[in-house]
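Chemist: Below is final.tsv; it holds TSV, C-alpha atoms and all ligand atoms.
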chain	number	residue	atom	x	y	z
A	28	MET	CA	-26.29	62.27	103.11
A	29	ASN	CA	-27.15	61.90	106.79
A	30	VAL	CA	-25.33	58.74	107.98
A	31	THR	CA	-28.33	57.62	110.08
A	32	SER	CA	-30.46	57.22	106.94
A	33	LYS	CA	-28.41	54.13	105.95
A	34	TYR	CA	-29.45	50.61	106.93
A	35	ASP	CA	-27.26	49.30	109.80
A	36	ALA	CA	-24.17	47.22	108.94
A	37	VAL	CA	-25.75	43.87	109.87
A	38	SER	CA	-28.82	44.53	107.64
A	39	ARG	CA	-26.57	45.53	104.75
A	40	PHE	CA	-24.36	42.46	105.21
A	41	LEU	CA	-27.41	40.14	105.34
A	42	HIS	CA	-28.98	41.85	102.28
A	43	TRP	CA	-25.91	41.22	100.10
A	44	LEU	CA	-25.37	37.70	101.48
A	45	VAL	CA	-28.96	36.85	100.48
A	46	VAL	CA	-28.43	38.44	97.03
A	47	SER	CA	-25.38	36.15	96.46
A	48	LEU	CA	-27.17	33.02	97.68
A	49	VAL	CA	-30.36	33.71	95.67
A	50	GLY	CA	-28.29	34.45	92.54
A	51	ALA	CA	-26.43	31.13	92.94
A	52	GLN	CA	-29.72	29.34	93.67
A	53	PHE	CA	-31.35	30.51	90.40
A	54	VAL	CA	-28.28	29.52	88.38
A	55	LEU	CA	-28.31	26.07	90.03
A	56	GLY	CA	-32.11	25.66	89.69
A	57	TRP	CA	-32.02	26.44	85.98
A	58	THR	CA	-28.83	24.52	85.06
A	59	MET	CA	-29.16	21.37	87.18
A	60	PRO	CA	-30.48	18.21	85.44
A	61	ASP	CA	-34.28	17.77	85.25
A	62	VAL	CA	-35.60	15.99	88.31
A	63	HIS	CA	-37.50	12.75	87.58
A	64	ARG	CA	-38.92	9.96	89.75
A	65	ASP	CA	-35.57	8.10	90.08
A	66	THR	CA	-33.25	11.11	90.16
A	67	ARG	CA	-30.75	11.10	93.03
A	68	PRO	CA	-29.76	14.38	94.75
A	69	GLU	CA	-26.18	14.50	93.43
A	70	GLY	CA	-23.91	17.08	91.75
A	71	LEU	CA	-25.66	20.39	90.98
A	72	ILE	CA	-28.90	19.14	92.58
A	73	ALA	CA	-27.05	18.49	95.87
A	74	TRP	CA	-25.61	22.03	95.64
A	75	HIS	CA	-29.14	23.38	95.07
A	76	LEU	CA	-30.27	21.76	98.35
A	77	VAL	CA	-27.20	22.98	100.30
A	78	THR	CA	-27.45	26.58	99.04
A	79	GLY	CA	-31.24	26.65	99.48
A	80	THR	CA	-31.20	25.49	103.10
A	81	ALA	CA	-28.33	27.90	103.91
A	82	LEU	CA	-30.47	30.67	102.39
A	83	LEU	CA	-33.40	29.68	104.60
A	84	ALA	CA	-31.14	29.83	107.71
A	85	VAL	CA	-29.82	33.27	106.69
A	86	MET	CA	-33.42	34.46	106.08
A	87	ALA	CA	-34.38	33.34	109.60
A	88	CYS	CA	-31.53	35.51	110.99
A	89	ARG	CA	-32.49	38.37	108.69
A	90	ILE	CA	-36.18	38.36	109.71
A	91	LEU	CA	-35.22	38.16	113.41
A	92	TRP	CA	-32.83	41.10	112.96
A	93	ARG	CA	-35.37	43.13	110.99
A	94	ALA	CA	-38.14	42.48	113.54
A	95	THR	CA	-35.92	43.90	116.29
A	96	HIS	CA	-34.26	46.79	114.38
A	97	ARG	CA	-36.03	49.67	112.66
A	98	ALA	CA	-35.39	50.52	109.00
A	99	PRO	CA	-33.91	54.01	108.57
A	100	ALA	CA	-36.44	56.83	108.12
A	101	ASN	CA	-37.81	56.98	104.57
A	102	HIS	CA	-38.63	60.43	103.20
A	103	GLN	CA	-40.11	59.35	99.84
A	104	ALA	CA	-43.67	60.34	98.83
A	105	GLN	CA	-46.33	58.11	100.47
A	106	PRO	CA	-47.29	56.13	97.30
A	107	LEU	CA	-43.62	55.22	96.69
A	108	ARG	CA	-43.21	54.20	100.35
A	109	THR	CA	-46.31	51.99	100.17
A	110	LEU	CA	-45.15	50.38	96.92
A	111	SER	CA	-41.63	49.67	98.16
A	112	GLY	CA	-42.99	48.41	101.51
A	113	LEU	CA	-45.32	45.95	99.73
A	114	THR	CA	-42.50	44.77	97.42
A	115	HIS	CA	-40.16	44.20	100.38
A	116	TYR	CA	-42.84	42.22	102.31
A	117	ALA	CA	-43.50	40.08	99.22
A	118	LEU	CA	-39.74	39.48	98.77
A	119	TYR	CA	-39.43	38.35	102.40
A	120	ALA	CA	-42.50	36.07	102.06
A	121	LEU	CA	-41.21	34.43	98.85
A	122	LEU	CA	-37.67	34.06	100.21
A	123	VAL	CA	-39.17	31.85	102.94
A	124	ALA	CA	-41.97	30.15	100.95
A	125	VAL	CA	-39.86	29.11	97.90
A	126	PRO	CA	-37.17	27.22	99.90
A	127	LEU	CA	-39.81	25.61	102.17
A	128	LEU	CA	-41.73	24.32	99.11
A	129	GLY	CA	-38.46	22.95	97.65
A	130	TRP	CA	-37.76	21.20	100.96
A	131	ILE	CA	-41.33	19.73	101.03
A	132	ASN	CA	-40.78	18.40	97.48
A	133	ALA	CA	-37.34	16.99	98.35
A	134	SER	CA	-38.85	15.16	101.37
A	135	SER	CA	-41.56	13.60	99.18
A	136	ARG	CA	-38.71	12.18	97.05
A	137	ALA	CA	-37.21	10.67	100.24
A	138	TRP	CA	-34.12	12.88	99.79
A	139	ARG	CA	-32.32	13.67	103.01
A	140	VAL	CA	-32.19	17.44	103.50
A	141	SER	CA	-29.50	18.86	105.78
A	142	LEU	CA	-28.18	22.25	106.81
A	143	PHE	CA	-24.71	22.99	105.32
A	144	GLY	CA	-24.71	19.32	104.22
A	145	ALA	CA	-24.02	18.36	107.86
A	146	ILE	CA	-26.96	18.97	110.23
A	147	PRO	CA	-29.89	16.67	109.31
A	148	LEU	CA	-33.26	18.46	108.94
A	149	PRO	CA	-36.62	16.69	109.43
A	150	PRO	CA	-38.74	15.71	106.39
A	151	LEU	CA	-41.59	18.17	105.69
A	152	SER	CA	-43.75	15.64	103.81
A	153	SER	CA	-43.94	11.86	103.73
A	154	ALA	CA	-42.02	9.94	101.08
A	155	GLY	CA	-44.13	9.48	97.94
A	156	SER	CA	-46.82	11.98	99.02
A	157	SER	CA	-48.80	13.56	96.18
A	158	PHE	CA	-48.96	16.83	98.17
A	159	GLY	CA	-45.13	16.97	98.24
A	160	HIS	CA	-45.03	16.18	94.53
A	161	ALA	CA	-47.48	19.02	93.72
A	162	MET	CA	-45.47	21.45	95.85
A	163	GLY	CA	-42.53	20.91	93.47
A	164	ASP	CA	-44.59	22.58	90.72
A	165	VAL	CA	-45.61	25.43	93.03
A	166	HIS	CA	-41.89	25.80	93.94
A	167	GLY	CA	-41.03	26.32	90.25
A	168	VAL	CA	-43.89	28.81	89.68
A	169	LEU	CA	-43.15	30.86	92.82
A	170	ALA	CA	-39.43	30.89	91.90
A	171	TRP	CA	-40.53	32.77	88.74
A	172	ALA	CA	-42.66	35.14	90.85
A	173	LEU	CA	-39.59	35.78	93.05
A	174	PHE	CA	-37.44	36.38	89.97
A	175	SER	CA	-40.00	38.92	88.62
A	176	LEU	CA	-40.13	40.79	91.93
A	177	ILE	CA	-36.32	40.90	92.09
A	178	CYS	CA	-36.28	42.44	88.58
A	179	LEU	CA	-38.86	45.02	89.72
A	180	HIS	CA	-36.79	45.74	92.86
A	181	ILE	CA	-33.56	46.21	90.90
A	182	GLY	CA	-35.44	48.32	88.33
A	183	ALA	CA	-36.74	50.56	91.13
A	184	THR	CA	-33.19	50.94	92.49
A	185	LEU	CA	-31.92	52.00	89.05
A	186	LEU	CA	-34.85	54.41	88.69
A	187	HIS	CA	-33.87	56.05	92.00
A	188	ARG	CA	-30.20	56.18	91.00
A	189	PHE	CA	-30.45	57.44	87.41
A	190	ILE	CA	-33.88	59.12	86.97
A	191	LEU	CA	-34.87	60.45	90.40
A	192	ARG	CA	-31.16	60.88	91.23
A	193	ASP	CA	-31.71	60.42	94.98
A	194	GLN	CA	-29.68	58.55	97.63
A	195	THR	CA	-31.88	55.43	97.95
A	196	LEU	CA	-29.21	53.04	96.58
A	197	GLN	CA	-26.66	54.30	99.14
A	198	ARG	CA	-29.01	53.22	101.96
A	199	MET	CA	-28.01	49.61	101.23
A	200	THR	CA	-24.45	49.93	99.85
A	201	PRO	CA	-21.48	48.71	101.96
A	202	TRP	CA	-19.63	52.04	101.63
B	1	LIG	C1	-34.96	30.83	97.17
B	1	LIG	C2	-34.53	29.57	97.10
B	1	LIG	C3	-34.75	28.70	95.91
B	1	LIG	C4	-34.90	29.04	94.59
B	1	LIG	C5	-34.87	30.45	93.97
B	1	LIG	C6	-35.09	27.82	93.84
B	1	LIG	C7	-35.27	27.75	92.48
B	1	LIG	C8	-35.54	26.60	91.78
B	1	LIG	C9	-35.75	26.53	90.35
B	1	LIG	C10	-35.69	27.73	89.40
B	1	LIG	C11	-36.00	25.23	90.04
B	1	LIG	C12	-36.30	24.66	88.65
B	1	LIG	C13	-37.79	24.60	88.50
B	1	LIG	C14	-38.23	24.11	87.14
B	1	LIG	O1	-37.46	24.19	86.18
B	1	LIG	O2	-39.39	23.65	87.05
B	1	LIG	C15	-35.96	24.46	91.27
B	1	LIG	C16	-36.20	23.10	91.37
B	1	LIG	C17	-36.10	22.38	92.54
B	1	LIG	N1	-35.71	22.84	93.77
B	1	LIG	FE1	-35.36	24.79	94.24
B	1	LIG	N2	-35.05	26.75	94.73
B	1	LIG	C18	-34.83	27.24	96.00
B	1	LIG	C19	-34.69	26.51	97.17
B	1	LIG	C20	-34.79	25.12	97.25
B	1	LIG	C21	-34.63	24.34	98.46
B	1	LIG	C22	-34.29	24.91	99.85
B	1	LIG	C23	-34.83	23.02	98.14
B	1	LIG	C24	-34.78	21.80	99.00
B	1	LIG	C25	-34.30	21.72	100.21
B	1	LIG	C26	-35.12	22.99	96.71
B	1	LIG	C27	-35.40	21.84	96.01
B	1	LIG	C28	-35.73	21.81	94.68
B	1	LIG	C29	-36.16	20.60	94.01
B	1	LIG	C30	-36.35	19.20	94.64
B	1	LIG	C31	-36.41	20.95	92.65
B	1	LIG	C32	-36.96	20.05	91.55
B	1	LIG	C33	-38.48	20.23	91.61
B	1	LIG	C34	-39.22	19.45	90.56
B	1	LIG	O3	-38.76	19.43	89.40
B	1	LIG	O4	-40.27	18.87	90.89
B	1	LIG	N3	-35.07	24.29	96.20
B	1	LIG	N4	-35.66	25.31	92.30
B	2	LIG	C1	-31.68	38.71	95.03
B	2	LIG	C2	-31.84	39.99	94.87
B	2	LIG	C3	-32.40	40.92	95.95
B	2	LIG	C4	-33.27	40.69	96.96
B	2	LIG	C5	-33.99	39.39	97.30
B	2	LIG	C6	-33.43	41.94	97.70
B	2	LIG	C7	-34.25	42.11	98.81
B	2	LIG	C8	-34.43	43.29	99.50
B	2	LIG	C9	-35.31	43.50	100.62
B	2	LIG	C10	-36.21	42.41	101.24
B	2	LIG	C11	-35.19	44.80	101.03
B	2	LIG	C12	-35.93	45.46	102.19
B	2	LIG	C13	-35.01	45.58	103.37
B	2	LIG	C14	-35.76	45.90	104.65
B	2	LIG	O1	-36.39	46.97	104.75
B	2	LIG	O2	-35.69	45.07	105.55
B	2	LIG	C15	-34.23	45.42	100.15
B	2	LIG	C16	-33.83	46.73	100.23
B	2	LIG	C17	-32.99	47.34	99.32
B	2	LIG	N1	-32.33	46.73	98.26
B	2	LIG	FE1	-32.48	44.81	97.68
B	2	LIG	N2	-32.65	42.89	97.11
B	2	LIG	C18	-32.00	42.30	96.03
B	2	LIG	C19	-31.11	42.89	95.16
B	2	LIG	C20	-30.74	44.21	95.21
B	2	LIG	C21	-29.83	44.86	94.28
B	2	LIG	C22	-29.10	44.14	93.13
B	2	LIG	C23	-29.76	46.16	94.67
B	2	LIG	C24	-28.95	47.30	94.04
B	2	LIG	C25	-28.78	47.42	92.76
B	2	LIG	C26	-30.59	46.34	95.82
B	2	LIG	C27	-30.78	47.52	96.51
B	2	LIG	C28	-31.57	47.70	97.61
B	2	LIG	C29	-31.75	48.99	98.28
B	2	LIG	C30	-31.12	50.31	97.88
B	2	LIG	C31	-32.64	48.76	99.35
B	2	LIG	C32	-33.16	49.81	100.35
B	2	LIG	C33	-34.47	50.34	99.80
B	2	LIG	C34	-35.08	51.40	100.69
B	2	LIG	O3	-34.36	52.07	101.40
B	2	LIG	O4	-36.32	51.52	100.66
B	2	LIG	N3	-31.19	45.14	96.12
B	2	LIG	N4	-33.77	44.50	99.22
In structure tokens, how does this file's structure come out?

Modeler:
Amino acid sequence: MNVTSKYDAVSRFLHWLVVSLVGAQFVLGWTMPDVHRDTRPEGLIAWHLVTGTALLAVMACRILWRATHRAPANHQAQPLRTLSGLTHYALYALLVAVPLLGWINASSRAWRVSLFGAIPLPPLSSAGSSFGHAMGDVHGVLAWALFSLICLHIGATLLHRFILRDQTLQRMTPW
């Protein structure tokens, strides 16, 4: 395969870093204790906040990098290119929206949100706000939408690898 048809090293590194953080974030989101009115952000919940804000910071770098660096040329048929382009845009949008909604909900619970557990971040909603409370539900629903898209994305990769037998997977692999 032509080497230039691979994503650049920084894009590949950021892709797999995001995969690890999102994977951890789903495990934490689904195993941490249920959050109620008096719940404190401790244990697995604290880890959910730390991983989620780190993910948001990495996504900011990734979007900046992507906006300034072209993706490698894609020689798939036009309908496949359109479909994968739409899926990738939706993944980017949800990878920003889901953490922001979680942060809005955490602020409405008067939880202090910080980057890497060290750099304090401003609240995105006022303590006790009903808007912030409602955004917690939207956070949960959109997390499912993100999970579904990720399954579709991985399914498409496997389809390329084992049915179409093309080099699409290698565009994003470290080797
Ligand atoms: C892509 C990143 C994220 C994913 C995939 C994710 C996923 C999830 C999931 C699956 C749940 C459980 C929802 C339920 O069972 O109803 C959850 C709950 C929660 N997450 Fe996240 N989360 C992310 C980022 C964040 C961030 C950055 C914060 C805060 C800074 C956050 C704060 C919360 C809070 C407060 C809850 C409890 C919401 C409630 O029950 O009202 N999340 N998250
Ligand atoms: C949390 C899980 C994942 C997320 C959120 C994700 C997200 C993304 C995004 C947003 C892109 C578009 C990159 C761009 O053009 O800027 C992409 C590309 C790609 N991803 Fe993933 N990905 C995930 C998991 C995986 C896995 C597990 C694989 C391999 C089995 C994979 C293989 C690829 C490949 C091969 C491309 C390049 C596609 C192309 O050239 O059109 N991804 N991914």

Chemist: Identify, on the basis of only C-alpha atoms, every residue whose closest approach to Leu127 (chain A) does not exceed 9 Å; exclude the query and any residue fewer than 5 positions from it along the same chain; express the result as number ranges by chain.

Modeler: A: 80, 83, 122, 132, 151, 166

Chemist: Please dump the current selection as a compact mmCIF listing (two decimals), in the coordinates of the input; keep C-alpha atoms.

Modeler:
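Below is the file that was written, out_29.txt:
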# COMPACT_ATOMS: atom_id res chain seq x y z
CA THR A 80 -31.20 25.49 103.10
CA LEU A 83 -33.40 29.68 104.60
CA LEU A 122 -37.67 34.06 100.21
CA ASN A 132 -40.78 18.40 97.48
CA LEU A 151 -41.59 18.17 105.69
CA HIS A 166 -41.89 25.80 93.94

Chemist: Restricting the calculation to only C-alpha atoms: of A:Leu142, A:Leu71, A:Ala133, A:Leu91, which residue gets closest to Gly155 (chain A)?

Modeler: A:Ala133

Chemist: Mind pulling up the distance from atom C11 of ligand LIG 2 (chain B) to CA of Ala81 (chain A)?

Modeler: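 Going from CA of Ala81 (chain A) over to atom C11 of ligand LIG 2 (chain B), I get 18.5 Å.
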
Chemist: Which polymer residues have any atom within 10 Å of an atom of Gly129 (chain A), counting all atoms listed in the file, with same-chain residues fewer than 2 positions away left out, as JSON, numbers by chain?

Modeler: {"A": [75, 76, 79, 80, 124, 125, 126, 127, 131, 132, 133, 134, 135, 151, 159, 160, 162, 163, 164, 165, 166, 167, 170]}

Chemist: Suppose you want the space between CA of Pro60 (chain A) and atom O2 of ligand LIG 1 (chain B); what is it in Å?

Modeler: 10.6 Å

Chemist: When distances are computed from only C-alpha atoms and all ligand atoms, which of A:Phe143, A:Trp171, A:Trp57, A:Tyr119 shows the smallest separation from ligand LIG 2 (chain B)?

Modeler: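 Checking each of A:Phe143, A:Trp171, A:Trp57, A:Tyr119 against ligand LIG 2 (chain B), counting only C-alpha atoms and all ligand atoms, the winner is A:Tyr119.
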
Chemist: Neighbours of ligand LIG 2 (chain B) within 9 Å, counting all atoms listed in the file, as a VMD selection string?

Modeler: chain A and resid 32 to 34 38 to 39 42 to 43 45 to 50 89 to 90 92 to 94 97 to 101 103 108 111 to 112 114 to 122 173 to 174 176 to 178 180 to 185 187 194 to 200

Chemist: In Å, how far is it from CA of Ala51 (chain A) to CA of Ala145 (chain A)?

Modeler: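 About the pair CA of Ala51 (chain A) and CA of Ala145 (chain A): they are 19.8 Å apart.
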
Chemist: Kindly indicate which residue among A:Arg136, A:His102, A:His96, A:Arg192 lies nearest to ligand LIG 1 (chain B), using only C-alpha atoms and all ligand atoms for the distances.

Modeler: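 Of A:Arg136, A:His102, A:His96, A:Arg192, the one nearest ligand LIG 1 (chain B) is A:Arg136, counting only C-alpha atoms and all ligand atoms.
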
Chemist: In terms of the shortest atom-to-atom distance over only C-alpha atoms and all ligand atoms, which of A:Phe40, A:Trp130, A:Phe189, A:Trp138 is closest to ligand LIG 1 (chain B)?

Modeler: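 Going through A:Phe40, A:Trp130, A:Phe189, A:Trp138 one by one, the smallest distance to ligand LIG 1 (chain B) is for A:Trp130.
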
Chemist: Which residue, A:Leu179, A:Ile190, A:Val54, A:Ala154, has the smallest gap to ligand LIG 1 (chain B) when you use only C-alpha atoms and all ligand atoms?

Modeler: A:Val54

Chemist: Build an axis-aligned box that encloses every atom of region 162-172 of chain A listed in the file, pad it by 8 Å on each side, and report its centre and edge lengths in Å to one decimal, as AutoDock Vina command-line options.

Modeler:
--center_x -42.5 --center_y 28.0 --center_z 92.3 --size_x 22.2 --size_y 30.2 --size_z 23.1
